[in-house]
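Pasting data33.cif here (mmCIF, C-alpha atoms and all ligand atoms):
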data_structure
#
loop_
_atom_site.label_atom_id
_atom_site.label_comp_id
_atom_site.auth_asym_id
_atom_site.auth_seq_id
_atom_site.Cartn_x
_atom_site.Cartn_y
_atom_site.Cartn_z
CA MET A 1 125.21 -7.28 -76.69
CA ILE A 2 121.97 -5.36 -77.21
CA PHE A 3 121.15 -2.43 -74.92
CA ILE A 4 117.50 -1.50 -74.76
CA TYR A 5 116.29 1.55 -72.87
CA ILE A 6 112.69 1.44 -71.73
CA CYS A 7 110.50 3.74 -69.70
CA LYS A 8 108.24 2.06 -67.18
CA ALA A 9 106.60 3.59 -64.12
CA ASN A 10 108.65 6.78 -64.63
CA GLN A 11 111.93 4.87 -64.50
CA VAL A 12 114.37 4.43 -67.34
CA ILE A 13 115.54 0.85 -67.26
CA LYS A 14 118.41 -0.54 -69.29
CA LYS A 15 118.06 -4.16 -70.35
CA GLU A 16 121.38 -5.59 -71.41
CA ARG A 17 120.49 -9.11 -72.40
CA ALA A 18 117.74 -11.56 -73.04
CA MET A 19 115.50 -12.58 -70.19
CA ARG A 20 116.02 -16.21 -69.22
CA ILE A 21 113.21 -18.44 -67.98
CA ASP A 22 114.01 -21.95 -66.70
CA ILE A 23 110.96 -24.17 -66.37
CA ILE A 24 111.14 -27.31 -64.22
CA THR A 25 108.47 -29.93 -64.96
CA VAL A 26 107.66 -33.62 -65.03
CA LEU A 27 105.95 -33.08 -68.40
CA PRO A 28 108.46 -31.22 -70.62
CA GLU A 29 106.56 -32.20 -73.78
CA MET A 30 103.67 -29.99 -72.69
CA PHE A 31 105.81 -26.97 -73.61
CA ASP A 32 106.59 -28.09 -77.18
CA GLY A 33 103.53 -26.28 -78.55
CA PRO A 34 103.59 -23.00 -76.60
CA LEU A 35 107.34 -22.48 -77.06
CA SER A 36 107.45 -23.29 -80.74
CA CYS A 37 104.99 -20.76 -82.10
CA SER A 38 103.84 -17.18 -81.96
CA ILE A 39 105.28 -14.69 -79.47
CA LEU A 40 107.37 -17.10 -77.42
CA LYS A 41 109.06 -18.50 -80.53
CA ARG A 42 109.67 -15.08 -82.05
CA ALA A 43 111.20 -13.76 -78.83
CA GLN A 44 113.56 -16.73 -78.66
CA ASP A 45 114.48 -16.52 -82.35
CA ARG A 46 115.36 -12.84 -81.91
CA GLY A 47 117.49 -13.56 -78.85
CA LEU A 48 115.23 -11.48 -76.58
CA ALA A 49 114.18 -14.41 -74.41
CA GLU A 50 115.80 -17.72 -73.62
CA ILE A 51 113.45 -20.39 -72.32
CA ALA A 52 114.84 -23.71 -71.11
CA VAL A 53 112.65 -26.62 -70.05
CA HIS A 54 114.10 -29.15 -67.60
CA ASN A 55 112.75 -32.63 -66.96
CA LEU A 56 112.64 -33.09 -63.19
CA ARG A 57 113.24 -36.83 -63.65
CA ASP A 58 116.78 -36.09 -64.91
CA TYR A 59 117.65 -34.91 -61.39
CA THR A 60 116.36 -37.74 -59.23
CA THR A 61 118.68 -40.20 -57.51
CA ASN A 62 115.89 -42.82 -57.77
CA LYS A 63 116.89 -45.59 -60.16
CA HIS A 64 113.33 -45.78 -61.52
CA ARG A 65 113.32 -42.00 -62.14
CA LYS A 66 110.50 -41.57 -59.64
CA VAL A 67 110.06 -38.01 -58.36
CA ASP A 68 107.02 -38.51 -56.11
CA ASP A 69 106.12 -40.50 -52.99
CA TYR A 70 103.28 -41.06 -50.53
CA PRO A 71 102.47 -38.30 -48.04
CA PHE A 72 103.57 -38.76 -44.42
CA GLY A 73 100.56 -39.05 -42.11
CA GLY A 74 98.52 -40.92 -44.71
CA GLU A 75 96.42 -39.03 -47.22
CA ALA A 76 95.30 -39.68 -50.78
CA GLY A 77 97.57 -38.68 -53.67
CA MET A 78 101.28 -38.43 -54.30
CA VAL A 79 103.70 -35.68 -53.30
CA MET A 80 106.59 -34.24 -55.34
CA GLN A 81 109.84 -34.99 -53.51
CA ILE A 82 112.34 -32.37 -52.42
CA GLN A 83 115.55 -34.16 -53.58
CA PRO A 84 115.13 -33.83 -57.39
CA VAL A 85 113.73 -30.31 -57.08
CA ASP A 86 116.65 -29.21 -54.89
CA ALA A 87 119.15 -30.89 -57.25
CA CYS A 88 117.67 -29.17 -60.31
CA ILE A 89 117.44 -25.71 -58.73
CA SER A 90 120.98 -26.04 -57.32
CA ALA A 91 122.34 -27.03 -60.75
CA LEU A 92 120.68 -23.97 -62.31
CA LYS A 93 121.88 -21.65 -59.55
CA ALA A 94 125.44 -22.89 -60.09
CA GLU A 95 125.19 -21.49 -63.63
CA ARG A 96 123.76 -18.04 -62.86
CA ASP A 97 121.95 -15.91 -60.29
CA TYR A 98 118.16 -15.94 -60.25
CA ASP A 99 115.84 -13.08 -59.33
CA GLU A 100 112.89 -15.31 -58.45
CA VAL A 101 112.14 -19.02 -58.04
CA ILE A 102 108.42 -19.25 -58.77
CA PHE A 103 106.12 -22.14 -57.89
CA THR A 104 102.81 -22.45 -59.76
CA SER A 105 100.04 -23.44 -57.40
CA PRO A 106 96.31 -22.71 -57.01
CA ASP A 107 96.98 -21.27 -53.54
CA GLY A 108 99.58 -18.74 -54.71
CA GLU A 109 99.00 -14.98 -55.21
CA THR A 110 96.70 -14.41 -58.17
CA PHE A 111 98.59 -13.46 -61.31
CA ASN A 112 97.76 -10.11 -62.89
CA GLN A 113 99.17 -7.52 -65.27
CA PRO A 114 101.24 -5.58 -62.68
CA MET A 115 102.92 -8.88 -61.71
CA ALA A 116 103.64 -9.61 -65.39
CA ASN A 117 105.15 -6.11 -65.72
CA GLN A 118 107.38 -6.64 -62.68
CA LEU A 119 108.57 -10.07 -63.83
CA SER A 120 109.35 -8.77 -67.34
CA LEU A 121 112.01 -6.48 -65.82
CA LEU A 122 113.93 -9.39 -64.28
CA ASP A 123 116.90 -11.12 -65.86
CA ASN A 124 116.57 -14.75 -64.79
CA ILE A 125 113.66 -16.62 -63.29
CA ILE A 126 112.90 -20.26 -62.51
CA ILE A 127 109.35 -21.60 -62.67
CA LEU A 128 108.70 -24.90 -60.89
CA CYS A 129 105.49 -26.54 -62.11
CA GLY A 130 103.53 -28.14 -59.31
CA HIS A 131 102.08 -31.61 -59.86
CA TYR A 132 100.44 -34.52 -58.09
CA LYS A 133 98.72 -33.78 -54.79
CA GLY A 134 101.30 -31.06 -54.14
CA VAL A 135 104.98 -30.68 -53.35
CA ASP A 136 106.84 -31.49 -50.13
CA PHE A 137 106.19 -28.29 -48.17
CA ARG A 138 109.92 -27.85 -47.45
CA ILE A 139 110.33 -26.97 -51.15
CA ARG A 140 108.01 -24.01 -50.61
CA GLU A 141 109.66 -23.06 -47.32
CA HIS A 142 113.28 -23.22 -48.44
CA LEU A 143 113.60 -23.10 -52.23
CA ILE A 144 110.74 -20.98 -53.56
CA THR A 145 110.65 -17.17 -53.46
CA ARG A 146 107.20 -16.59 -54.97
CA GLU A 147 104.03 -18.65 -55.43
CA ILE A 148 101.67 -17.78 -58.27
CA SER A 149 98.17 -18.96 -59.17
CA ILE A 150 96.62 -18.09 -62.52
CA GLY A 151 93.09 -18.17 -61.11
CA ASP A 152 90.72 -19.70 -58.61
CA TYR A 153 90.38 -23.09 -60.24
CA VAL A 154 92.47 -26.25 -60.08
CA LEU A 155 94.47 -27.46 -63.07
CA THR A 156 95.93 -30.95 -63.40
CA GLY A 157 99.40 -29.49 -63.03
CA GLY A 158 101.26 -26.20 -63.09
CA GLU A 159 102.50 -26.51 -66.69
CA MET A 160 99.71 -24.48 -68.30
CA ALA A 161 100.08 -21.87 -65.59
CA ALA A 162 103.84 -21.65 -66.32
CA ALA A 163 103.11 -21.25 -70.05
CA VAL A 164 100.59 -18.48 -69.30
CA ILE A 165 103.09 -16.65 -67.08
CA ALA A 166 105.91 -17.03 -69.63
CA ASP A 167 103.71 -15.76 -72.48
CA SER A 168 102.40 -12.71 -70.62
CA VAL A 169 105.89 -11.80 -69.37
CA VAL A 170 107.85 -12.37 -72.57
CA ARG A 171 105.50 -10.27 -74.70
CA LEU A 172 106.37 -7.29 -72.48
CA ILE A 173 110.10 -7.51 -73.19
CA PRO A 174 110.98 -4.54 -75.41
CA GLY A 175 111.24 -5.57 -79.04
CA VAL A 176 109.21 -8.77 -78.72
CA ILE A 177 105.98 -7.43 -80.16
CA GLY A 178 106.30 -5.21 -83.18
CA ASP A 179 104.65 -2.10 -81.86
CA GLU A 180 105.82 -1.10 -78.35
CA GLN A 181 102.71 0.99 -77.99
CA SER A 182 100.47 -2.03 -78.36
CA ALA A 183 101.79 -3.65 -75.15
CA LEU A 184 101.33 -0.36 -73.31
CA SER A 185 97.71 -0.05 -74.45
CA ASP A 186 96.77 -3.60 -73.46
CA CYS A 187 93.83 -4.39 -71.26
CA PHE A 188 94.75 -3.99 -67.56
CA GLN A 189 97.68 -1.62 -68.13
CA ASP A 190 96.64 1.34 -65.91
CA ASN A 191 93.91 -0.89 -64.41
CA LEU A 192 91.56 -0.22 -67.32
CA LEU A 193 90.03 -2.60 -69.82
CA ALA A 194 90.94 -1.75 -73.41
CA PRO A 195 88.49 0.39 -75.43
CA PRO A 196 86.72 -1.14 -78.47
CA ILE A 197 88.75 -1.31 -81.69
CA TYR A 198 87.54 -1.71 -85.27
CA THR A 199 88.92 -2.24 -88.76
CA ARG A 200 87.67 -2.03 -92.36
CA PRO A 201 84.96 -1.99 -93.60
CA ALA A 202 83.59 1.06 -91.80
CA ASP A 203 80.06 -0.19 -92.53
CA TYR A 204 79.29 -3.92 -92.52
CA LYS A 205 75.64 -4.89 -93.05
CA GLY A 206 74.72 -1.50 -91.60
CA TRP A 207 76.80 -2.17 -88.42
CA LYS A 208 78.84 1.02 -88.31
CA VAL A 209 82.18 1.97 -86.79
CA PRO A 210 81.76 4.98 -84.42
CA ASP A 211 82.07 8.21 -86.45
CA ILE A 212 84.67 9.66 -84.09
CA LEU A 213 87.23 7.01 -85.17
CA LEU A 214 86.88 8.13 -88.79
CA SER A 215 87.08 11.85 -87.95
CA GLY A 216 90.86 12.26 -88.07
CA HIS A 217 90.83 14.34 -84.81
CA GLN A 218 93.49 12.47 -82.83
CA ALA A 219 92.94 14.34 -79.55
CA LYS A 220 89.19 13.69 -79.67
CA ILE A 221 89.81 10.05 -80.59
CA ASP A 222 92.14 9.67 -77.58
CA ASP A 223 89.48 11.22 -75.30
CA TRP A 224 86.82 8.87 -76.71
CA ARG A 225 89.07 5.85 -76.19
CA TYR A 226 89.75 6.84 -72.59
CA GLU A 227 86.02 7.37 -71.89
CA GLN A 228 85.19 4.01 -73.46
CA ALA A 229 87.91 2.25 -71.45
CA LEU A 230 86.51 3.82 -68.28
CA LEU A 231 82.93 2.89 -69.21
CA ARG A 232 83.79 -0.72 -70.02
CA THR A 233 85.81 -1.06 -66.83
CA ARG A 234 83.01 0.45 -64.70
CA THR A 235 80.49 -1.92 -66.33
CA LEU A 236 82.47 -5.14 -66.58
CA ARG A 237 85.20 -4.94 -63.91
CA PRO A 238 84.28 -2.27 -61.33
CA ASP A 239 86.68 -3.98 -58.89
CA LEU A 240 89.61 -2.60 -60.95
CA LEU A 241 88.53 0.99 -60.17
CA VAL A 242 88.28 0.58 -56.40
CA ASN A 243 91.76 2.02 -55.75
N1 LIG B 1 98.22 -25.68 -60.54
C1 LIG B 1 96.96 -26.17 -60.45
N2 LIG B 1 96.05 -25.20 -60.53
C2 LIG B 1 96.75 -24.05 -60.69
C3 LIG B 1 96.38 -22.69 -60.83
N3 LIG B 1 95.10 -22.31 -60.81
N4 LIG B 1 97.34 -21.78 -60.97
C4 LIG B 1 98.64 -22.14 -60.96
N5 LIG B 1 99.06 -23.40 -60.83
C5 LIG B 1 98.12 -24.35 -60.70
#
Could I get this file's structure written as structure tokens?
Ligand code: ADE
Amino acid sequence: MIFIYICKANQVIKKERAMRIDIITVLPEMFDGPLSCSILKRAQDRGLAEIAVHNLRDYTTNKHRKVDDYPFGGEAGMVMQIQPVDACISALKAERDYDEVIFTSPDGETFNQPMANQLSLLDNIIILCGHYKGVDFRIREHLITREISIGDYVLTGGEMAAAVIADSVVRLIPGVIGDEQSALSDCFQDNLLAPPIYTRPADYKGWKVPDILLSGHQAKIDDWRYEQALLRTRTLRPDLLVN
């Protein structure tokens, strides 16, 4: 077992095992790409994250594997039924305890970096991907602990939202990205946009890298970066500075 000690928000937290994310969906194939490359693949290969995708249709008692039905009261569109969702979540909960059962929906709380930070400290989470017109509201009342939107627009289903959440959370698990510092200096950590960064050549077609970055004075470089982060935030996202 790996023990990792991390410092976050002035707390020392000990992570003893990989974070587990169970994703429940009617379109499991949509996760083949996101889970099989880049950060999410590396985290799984290193045993730092375990991501399991469950086909909701495997849990229905309907002989045609249907998981949706017409809404009571007559409205357009189909509604995800409670039976397969309850069966799937119950089967998962019989295996282990879960910290959160998340539902992806455009009317959930808007996802942001502090939420990603919080979720990255949990051990086991379930993400139910919404689909169709919506889900039987009793799912949200009785089975879900948190509802998350990735922005004020409507996607065809919650799968892409689940992939976005998984990616942003898993990259924060200690050891997943090479340089710990690089997750801490991301945009939105400390409510600031990241300062500009540059690489070689120092002069390209006369477009020059700021002299300060070539000066070798680390304290001055840190001050410059902080000022630039503040300036960019004030210009582009003043809402982040309100509090
Ligand atoms: N499902 C459809 N639109 C969504 C959104 N914006 N965020 C999360 N889940 C969604």
For chain A versus ligand LIG 1 (chain B), which residues have an atom no more than 12 Å away, and what is each residue's nearest atom pair and distance in Å rounded to one decimal, using all atoms listed in the file, chain-then-number order, as a Markdown table?
| residue | atom | partner | partner_atom | distance |
| --- | --- | --- | --- | --- |
| A:Thr25 | CA | B:LIG1 | N1 | 11.9 |
| A:Ile102 | CA | B:LIG1 | C4 | 10.4 |
| A:Phe103 | CA | B:LIG1 | N5 | 7.8 |
| A:Thr104 | CA | B:LIG1 | N5 | 4.0 |
| A:Ser105 | CA | B:LIG1 | N5 | 3.6 |
| A:Pro106 | CA | B:LIG1 | C3 | 3.8 |
| A:Asp107 | CA | B:LIG1 | C3 | 7.5 |
| A:Gly108 | CA | B:LIG1 | C4 | 7.2 |
| A:Glu109 | CA | B:LIG1 | N4 | 9.1 |
| A:Thr110 | CA | B:LIG1 | N4 | 7.9 |
| A:Phe111 | CA | B:LIG1 | N4 | 8.4 |
| A:Asn112 | CA | B:LIG1 | N4 | 11.8 |
| A:Ile127 | CA | B:LIG1 | N5 | 10.6 |
| A:Leu128 | CA | B:LIG1 | N5 | 9.8 |
| A:Cys129 | CA | B:LIG1 | N5 | 7.3 |
| A:Gly130 | CA | B:LIG1 | N1 | 6.0 |
| A:His131 | CA | B:LIG1 | N1 | 7.1 |
| A:Tyr132 | CA | B:LIG1 | C1 | 9.3 |
| A:Lys133 | CA | B:LIG1 | C1 | 9.6 |
| A:Gly134 | CA | B:LIG1 | N1 | 8.9 |
| A:Val135 | CA | B:LIG1 | N1 | 11.1 |
| A:Arg146 | CA | B:LIG1 | C4 | 11.8 |
| A:Glu147 | CA | B:LIG1 | C4 | 8.5 |
| A:Ile148 | CA | B:LIG1 | C4 | 6.0 |
| A:Ser149 | CA | B:LIG1 | N4 | 3.4 |
| A:Ile150 | CA | B:LIG1 | N4 | 4.1 |
| A:Gly151 | CA | B:LIG1 | N3 | 4.6 |
| A:Asp152 | CA | B:LIG1 | N3 | 5.6 |
| A:Tyr153 | CA | B:LIG1 | N3 | 4.8 |
| A:Val154 | CA | B:LIG1 | N2 | 3.8 |
| A:Leu155 | CA | B:LIG1 | N2 | 3.7 |
| A:Thr156 | CA | B:LIG1 | C1 | 5.7 |
| A:Gly157 | CA | B:LIG1 | N1 | 4.7 |
| A:Gly158 | CA | B:LIG1 | N1 | 4.0 |
| A:Glu159 | CA | B:LIG1 | N5 | 7.5 |
| A:Met160 | CA | B:LIG1 | N5 | 7.6 |
| A:Ala161 | CA | B:LIG1 | C4 | 4.9 |
| A:Ala162 | CA | B:LIG1 | C4 | 7.5 |
| A:Ala163 | CA | B:LIG1 | C4 | 10.2 |
| A:Val164 | CA | B:LIG1 | C4 | 9.3 |
| A:Ile165 | CA | B:LIG1 | C4 | 9.3 |
Within 8 Å of stretch 60-63 of chain A, which residues of stretch 76-172 of chain A come that close, and what is the closest atom pair and distance in Å for each? Count all atoms listed in the file and give it as CSV.
residue,atom,partner,partner_atom,distance
A:Gln83,CA,A:Thr60,CA,6.7
A:Pro84,CA,A:Thr60,CA,4.5
A:Ala87,CA,A:Thr60,CA,7.7
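Proximity to A:Leu40 was assessed for A:Leu241, A:Ile21, A:Leu92, A:Ala202 counting only C-alpha atoms; the smallest distance is recorded for A:Ile21.
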Open item on the list: To one decimal place in Å, what is the distance between atom CA of A:Ile177 and atom CA of A:Leu240?
Closed with: 25.7 Å
TODO: Would you mind telling me which residue in A:Ile82, A:Leu213, A:Ala166, A:Val53 lies nearest to A:Ser120 when using all atoms listed in the file?
DONE: A:Ala166
